[in-house]
Amino acid sequence: MAALGPAAGTALGGPVARPRPGRPRLVAAAARVHLRRPGRRVAADLRPVAERLVPATGWWCSGTRSAGWWGALAARSVGLPVDAVVGLGIKTVWSPAELAKAAELAARPVTWFATRDEAARRYLRVAGLTGLFAPEHPAVDAGLRREDGRWRLAMDPAVFAVGEPHLPALLAATDAPVLLARGEHDPMVTDAQLKEYGVPVATLPGLGHNAHVEDPAAVLDLLDAYR
């Protein structure tokens, strides 16, 4: 299983990095890539990861927003079999104001911080992880970079330019079974919006947008039907 998305690197520093016996193997390297690369370049960046997995039988790609699809496309490009794609918490409806704001964020230069604590607090806010991890938690290191004594977020601001996920096109480009999932309390997307795409939809009770961080085991359970 390749787990991808803005908070996936942090999730992989926690319980999801130690799956129960019989669970799919996780590719931690894939998660770090999405933190720094926008749009379709993610698939190209993941190609070396996929190449290292060949030969293999049975892989699942799971990601927030459209990240799971980039993993699936990278895997397919090197002939790696993908048994299923799980999209978690994908925001499907974007207003013009939201798209304009995203474009504005993408155009901003990298923000630098004098201390790790300042950078960590910003990362937790941006990734929606405030309250789930303390700034000093080692798992937060996945979202940070230190250069010349200064700190920044690992995520490239240009990632905000990815825009709408265009789910119909992504579904058409994927020949593996697809499951769209969301946390029950995720404010970014509703069950009704996900059901418009004609694929199975799962709601994770009691969880929010970063369900893969809040309860990694519950996200792994989504793959049971495809094993």
# chains A, B, ... in the order shown; residues from 1 in each chain; ligands from 1

$ residues_around --residues "A:Glu104" --least-positions-apart "3" --cutoff "10 Å" --atoms "only C-alpha atoms" --output "JSON, numbers by chain"
{"A": [98, 99, 100, 101, 107, 108, 157, 158, 160, 161]}

$ write_last_selection --atoms "N, CA, C and O atoms" --output "CSV table (one decimal), in the first residue's frame"
chain,number,residue,atom,x,y,z
A,98,GLU,N,-12.6,30.0,-3.7
A,98,GLU,CA,-11.7,29.0,-3.1
A,98,GLU,C,-10.5,28.7,-4.1
A,98,GLU,O,-9.4,28.6,-3.7
A,99,LEU,N,-10.8,28.6,-5.4
A,99,LEU,CA,-9.8,28.4,-6.4
A,99,LEU,C,-8.9,29.6,-6.5
A,99,LEU,O,-7.7,29.5,-6.7
A,100,ALA,N,-9.5,30.8,-6.4
A,100,ALA,CA,-8.6,32.0,-6.4
A,100,ALA,C,-7.7,32.1,-5.2
A,100,ALA,O,-6.5,32.5,-5.4
A,101,LYS,N,-8.2,31.7,-4.1
A,101,LYS,CA,-7.4,31.7,-2.9
A,101,LYS,C,-6.3,30.7,-3.0
A,101,LYS,O,-5.1,31.0,-2.6
A,107,ALA,N,1.2,31.1,-5.3
A,107,ALA,CA,2.2,32.2,-5.8
A,107,ALA,C,3.0,32.7,-4.7
A,107,ALA,O,4.0,33.5,-5.0
A,108,ARG,N,2.7,32.5,-3.5
A,108,ARG,CA,3.5,33.0,-2.4
A,108,ARG,C,4.9,32.4,-2.2
A,108,ARG,O,5.1,31.2,-2.5
A,157,PRO,N,4.8,25.5,-1.7
A,157,PRO,CA,3.6,26.3,-1.8
A,157,PRO,C,2.9,26.1,-3.2
A,157,PRO,O,1.7,26.2,-3.3
A,158,ALA,N,3.6,25.7,-4.2
A,158,ALA,CA,3.0,25.5,-5.5
A,158,ALA,C,2.0,24.4,-5.5
A,158,ALA,O,1.3,24.3,-6.5
A,160,PHE,N,-0.5,24.1,-4.0
A,160,PHE,CA,-1.9,24.7,-3.9
A,160,PHE,C,-2.4,24.9,-5.3
A,160,PHE,O,-3.6,25.1,-5.5
A,161,ALA,N,-1.6,25.0,-6.3
A,161,ALA,CA,-2.0,25.3,-7.7
A,161,ALA,C,-2.6,24.0,-8.4
A,161,ALA,O,-3.1,24.1,-9.5

$ closest_residue --among "A:Ala172, A:Val110, A:Ala154, A:Ala84" --to "A:Leu222" --atoms "only C-alpha atoms"
A:Ala84

$ closest_residue --among "A:Pro135, A:Gly87, A:Pro177, A:Pro216" --to "A:Asp117" --atoms "only C-alpha atoms"
A:Pro135

$ residues_around --residues "A:His137" --least-positions-apart "3" --cutoff "12 Å" --atoms "only C-alpha atoms" --output "list in words"
Thr10, Ala11, Gly13, Gly14, Arg116, Asp117, Ala120, Arg121, Leu124, Leu129, Thr130, Gly131, Leu132, Phe133, Ala134, Val140, Asp141, Ala142, Gly143 and Leu144 of chain A

$ closest_residue --among "A:Ala225, A:Leu88, A:Ala169, A:Val82" --to "A:Gly183" --atoms "only C-alpha atoms"
A:Leu88

$ atom_distance --atom1 "atom CA of A:Lys91" --atom2 "atom CA of A:Asp224"
24.1 Å

$ select_by_dssp --residues "stretch 52-212 of chain A" --states "strand (DSSP E)" --output "PDB file with N, CA and C atoms, in the first residue's frame"
ATOM      1  N   TRP A  59      -1.128  -4.401  -4.815  1.00  0.00           N
ATOM      2  CA  TRP A  59      -0.825  -3.143  -4.142  1.00  0.00           C
ATOM      3  C   TRP A  59      -2.063  -2.271  -4.144  1.00  0.00           C
ATOM      4  N   TRP A  60      -2.154  -1.475  -3.099  1.00  0.00           N
ATOM      5  CA  TRP A  60      -3.278  -0.564  -2.950  1.00  0.00           C
ATOM      6  C   TRP A  60      -2.721   0.843  -2.839  1.00  0.00           C
ATOM      7  N   CYS A  61      -3.356   1.814  -3.492  1.00  0.00           N
ATOM      8  CA  CYS A  61      -2.949   3.208  -3.397  1.00  0.00           C
ATOM      9  C   CYS A  61      -4.024   3.974  -2.652  1.00  0.00           C
ATOM     10  N   SER A  62      -3.621   4.615  -1.560  1.00  0.00           N
ATOM     11  CA  SER A  62      -4.552   5.383  -0.756  1.00  0.00           C
ATOM     12  C   SER A  62      -3.992   6.774  -0.568  1.00  0.00           C
ATOM     13  N   GLY A  63      -4.843   7.792  -0.770  1.00  0.00           N
ATOM     14  CA  GLY A  63      -4.325   9.139  -0.614  1.00  0.00           C
ATOM     15  C   GLY A  63      -5.418  10.158  -0.400  1.00  0.00           C
ATOM     16  N   THR A  64      -5.038  11.261   0.259  1.00  0.00           N
ATOM     17  CA  THR A  64      -5.947  12.376   0.409  1.00  0.00           C
ATOM     18  C   THR A  64      -5.941  13.197  -0.863  1.00  0.00           C
ATOM     19  N   VAL A  82      -2.057  -2.682  -9.436  1.00  0.00           N
ATOM     20  CA  VAL A  82      -2.766  -1.942  -8.382  1.00  0.00           C
ATOM     21  C   VAL A  82      -4.135  -2.574  -8.220  1.00  0.00           C
ATOM     22  N   ASP A  83      -4.398  -3.137  -7.059  1.00  0.00           N
ATOM     23  CA  ASP A  83      -5.661  -3.835  -6.830  1.00  0.00           C
ATOM     24  C   ASP A  83      -6.806  -2.901  -6.488  1.00  0.00           C
ATOM     25  N   ALA A  84      -6.497  -1.731  -5.928  1.00  0.00           N
ATOM     26  CA  ALA A  84      -7.563  -0.806  -5.550  1.00  0.00           C
ATOM     27  C   ALA A  84      -6.989   0.568  -5.282  1.00  0.00           C
ATOM     28  N   VAL A  85      -7.845   1.577  -5.458  1.00  0.00           N
ATOM     29  CA  VAL A  85      -7.491   2.962  -5.148  1.00  0.00           C
ATOM     30  C   VAL A  85      -8.513   3.483  -4.149  1.00  0.00           C
ATOM     31  N   VAL A  86      -8.026   4.044  -3.058  1.00  0.00           N
ATOM     32  CA  VAL A  86      -8.902   4.642  -2.049  1.00  0.00           C
ATOM     33  C   VAL A  86      -8.617   6.132  -1.989  1.00  0.00           C
ATOM     34  N   GLY A  87      -9.620   6.941  -2.267  1.00  0.00           N
ATOM     35  CA  GLY A  87      -9.501   8.391  -2.150  1.00  0.00           C
ATOM     36  C   GLY A  87     -10.149   8.823  -0.852  1.00  0.00           C
ATOM     37  N   LEU A  88      -9.400   9.478   0.016  1.00  0.00           N
ATOM     38  CA  LEU A  88      -9.883   9.831   1.347  1.00  0.00           C
ATOM     39  C   LEU A  88     -10.019  11.345   1.490  1.00  0.00           C
ATOM     40  N   LEU A 144       8.622  19.082   7.914  1.00  0.00           N
ATOM     41  CA  LEU A 144       9.530  20.214   8.082  1.00  0.00           C
ATOM     42  C   LEU A 144      10.845  20.004   7.349  1.00  0.00           C
ATOM     43  N   ARG A 145      11.505  21.112   7.023  1.00  0.00           N
ATOM     44  CA  ARG A 145      12.845  21.078   6.472  1.00  0.00           C
ATOM     45  C   ARG A 145      13.692  22.163   7.153  1.00  0.00           C
ATOM     46  N   ARG A 146      14.956  21.823   7.410  1.00  0.00           N
ATOM     47  CA  ARG A 146      15.887  22.797   7.975  1.00  0.00           C
ATOM     48  C   ARG A 146      16.991  23.073   6.968  1.00  0.00           C
ATOM     49  N   GLU A 147      17.200  24.356   6.689  1.00  0.00           N
ATOM     50  CA  GLU A 147      18.222  24.752   5.733  1.00  0.00           C
ATOM     51  C   GLU A 147      18.944  25.990   6.248  1.00  0.00           C
ATOM     52  N   ARG A 150      17.663  27.767   9.327  1.00  0.00           N
ATOM     53  CA  ARG A 150      16.268  28.219   9.326  1.00  0.00           C
ATOM     54  C   ARG A 150      15.355  27.033   9.061  1.00  0.00           C
ATOM     55  N   TRP A 151      14.075  27.221   9.356  1.00  0.00           N
ATOM     56  CA  TRP A 151      13.084  26.153   9.201  1.00  0.00           C
ATOM     57  C   TRP A 151      11.987  26.593   8.237  1.00  0.00           C
ATOM     58  N   ARG A 152      11.460  25.629   7.488  1.00  0.00           N
ATOM     59  CA  ARG A 152      10.342  25.862   6.580  1.00  0.00           C
ATOM     60  C   ARG A 152       9.482  24.614   6.544  1.00  0.00           C
ATOM     61  N   LEU A 153       8.296  24.729   5.938  1.00  0.00           N
ATOM     62  CA  LEU A 153       7.480  23.549   5.699  1.00  0.00           C
ATOM     63  C   LEU A 153       8.072  22.776   4.526  1.00  0.00           C
ATOM     64  N   VAL A 178     -12.296   1.541  -7.302  1.00  0.00           N
ATOM     65  CA  VAL A 178     -12.120   2.794  -6.571  1.00  0.00           C
ATOM     66  C   VAL A 178     -13.126   2.871  -5.425  1.00  0.00           C
ATOM     67  N   LEU A 179     -12.655   3.308  -4.275  1.00  0.00           N
ATOM     68  CA  LEU A 179     -13.507   3.575  -3.123  1.00  0.00           C
ATOM     69  C   LEU A 179     -13.251   5.004  -2.687  1.00  0.00           C
ATOM     70  N   LEU A 180     -14.296   5.802  -2.564  1.00  0.00           N
ATOM     71  CA  LEU A 180     -14.186   7.154  -2.051  1.00  0.00           C
ATOM     72  C   LEU A 180     -14.643   7.155  -0.595  1.00  0.00           C
ATOM     73  N   ALA A 181     -13.824   7.722   0.283  1.00  0.00           N
ATOM     74  CA  ALA A 181     -14.119   7.684   1.705  1.00  0.00           C
ATOM     75  C   ALA A 181     -13.955   9.067   2.323  1.00  0.00           C
ATOM     76  N   ARG A 182     -14.593   9.246   3.464  1.00  0.00           N
ATOM     77  CA  ARG A 182     -14.465  10.502   4.206  1.00  0.00           C
ATOM     78  C   ARG A 182     -14.739  10.231   5.675  1.00  0.00           C
ATOM     79  N   GLY A 183     -14.185  11.091   6.527  1.00  0.00           N
ATOM     80  CA  GLY A 183     -14.546  11.046   7.940  1.00  0.00           C
ATOM     81  C   GLY A 183     -15.927  11.633   8.145  1.00  0.00           C
ATOM     82  N   VAL A 201     -18.884   4.342  -1.681  1.00  0.00           N
ATOM     83  CA  VAL A 201     -18.541   5.418  -0.750  1.00  0.00           C
ATOM     84  C   VAL A 201     -18.568   4.864   0.670  1.00  0.00           C
ATOM     85  N   ALA A 202     -17.580   5.232   1.473  1.00  0.00           N
ATOM     86  CA  ALA A 202     -17.515   4.798   2.865  1.00  0.00           C
ATOM     87  C   ALA A 202     -17.364   6.013   3.769  1.00  0.00           C
ATOM     88  N   THR A 203     -18.088   6.003   4.876  1.00  0.00           N
ATOM     89  CA  THR A 203     -17.992   7.058   5.876  1.00  0.00           C
ATOM     90  C   THR A 203     -17.403   6.471   7.155  1.00  0.00           C
ATOM     91  N   LEU A 204     -16.357   7.089   7.658  1.00  0.00           N
ATOM     92  CA  LEU A 204     -15.678   6.603   8.862  1.00  0.00           C
ATOM     93  C   LEU A 204     -16.253   7.327  10.081  1.00  0.00           C
TER      94      LEU A 204
END

$ closest_residue --among "A:Val189, A:His166, A:Lys195, A:Leu105" --to "A:Gly208" --atoms "only C-alpha atoms"
A:Val189

$ select_by_dssp --residues "stretch 115-225 of chain A" --states "alpha helix (DSSP H)" --output "ChimeraX atom specification"
/A:116-126,167-172,191-195,211-214,216-221

$ closest_residue --among "A:Gly206, A:Ala176, A:Glu164, A:Glu196" --to "A:Tyr226" --atoms "only C-alpha atoms"
A:Ala176

$ residues_around --residues "A:Pro168" --least-positions-apart "6" --cutoff "12 Å" --atoms "only C-alpha atoms" --output "JSON list (two decimals) with N, CA and C atoms, in the first residue's frame"
[["chain", "number", "residue", "atom", "x", "y", "z"],
["A", 66, "SER", "N", -6.26, 14.03, -4.52],
["A", 66, "SER", "CA", -6.08, 13.13, -5.66],
["A", 66, "SER", "C", -4.79, 12.34, -5.57],
["A", 69, "TRP", "N", -4.51, 8.68, -6.76],
["A", 69, "TRP", "CA", -4.48, 8.44, -8.21],
["A", 69, "TRP", "C", -3.07, 8.63, -8.76],
["A", 92, "THR", "N", -14.55, 17.77, -3.51],
["A", 92, "THR", "CA", -15.01, 17.66, -4.90],
["A", 92, "THR", "C", -15.66, 18.93, -5.43],
["A", 174, "THR", "N", -8.32, 5.30, -14.34],
["A", 174, "THR", "CA", -7.98, 4.26, -13.37],
["A", 174, "THR", "C", -8.76, 2.99, -13.70],
["A", 178, "VAL", "N", -12.30, 1.54, -7.30],
["A", 178, "VAL", "CA", -12.12, 2.79, -6.57],
["A", 178, "VAL", "C", -13.13, 2.87, -5.43],
["A", 194, "LEU", "N", -19.85, 12.76, -2.78],
["A", 194, "LEU", "CA", -19.06, 11.62, -3.22],
["A", 194, "LEU", "C", -19.90, 10.61, -3.99],
["A", 196, "GLU", "N", -22.13, 11.07, -6.05],
["A", 196, "GLU", "CA", -22.45, 11.49, -7.41],
["A", 196, "GLU", "C", -21.57, 10.80, -8.46],
["A", 197, "TYR", "N", -20.47, 10.17, -8.03],
["A", 197, "TYR", "CA", -19.50, 9.62, -9.00],
["A", 197, "TYR", "C", -19.72, 8.15, -9.31],
["A", 198, "GLY", "N", -20.73, 7.55, -8.71],
["A", 198, "GLY", "CA", -21.10, 6.19, -9.09],
["A", 198, "GLY", "C", -20.14, 5.10, -8.66],
["A", 199, "VAL", "N", -19.33, 5.37, -7.64],
["A", 199, "VAL", "CA", -18.43, 4.35, -7.09],
["A", 199, "VAL", "C", -18.77, 4.18, -5.61]]
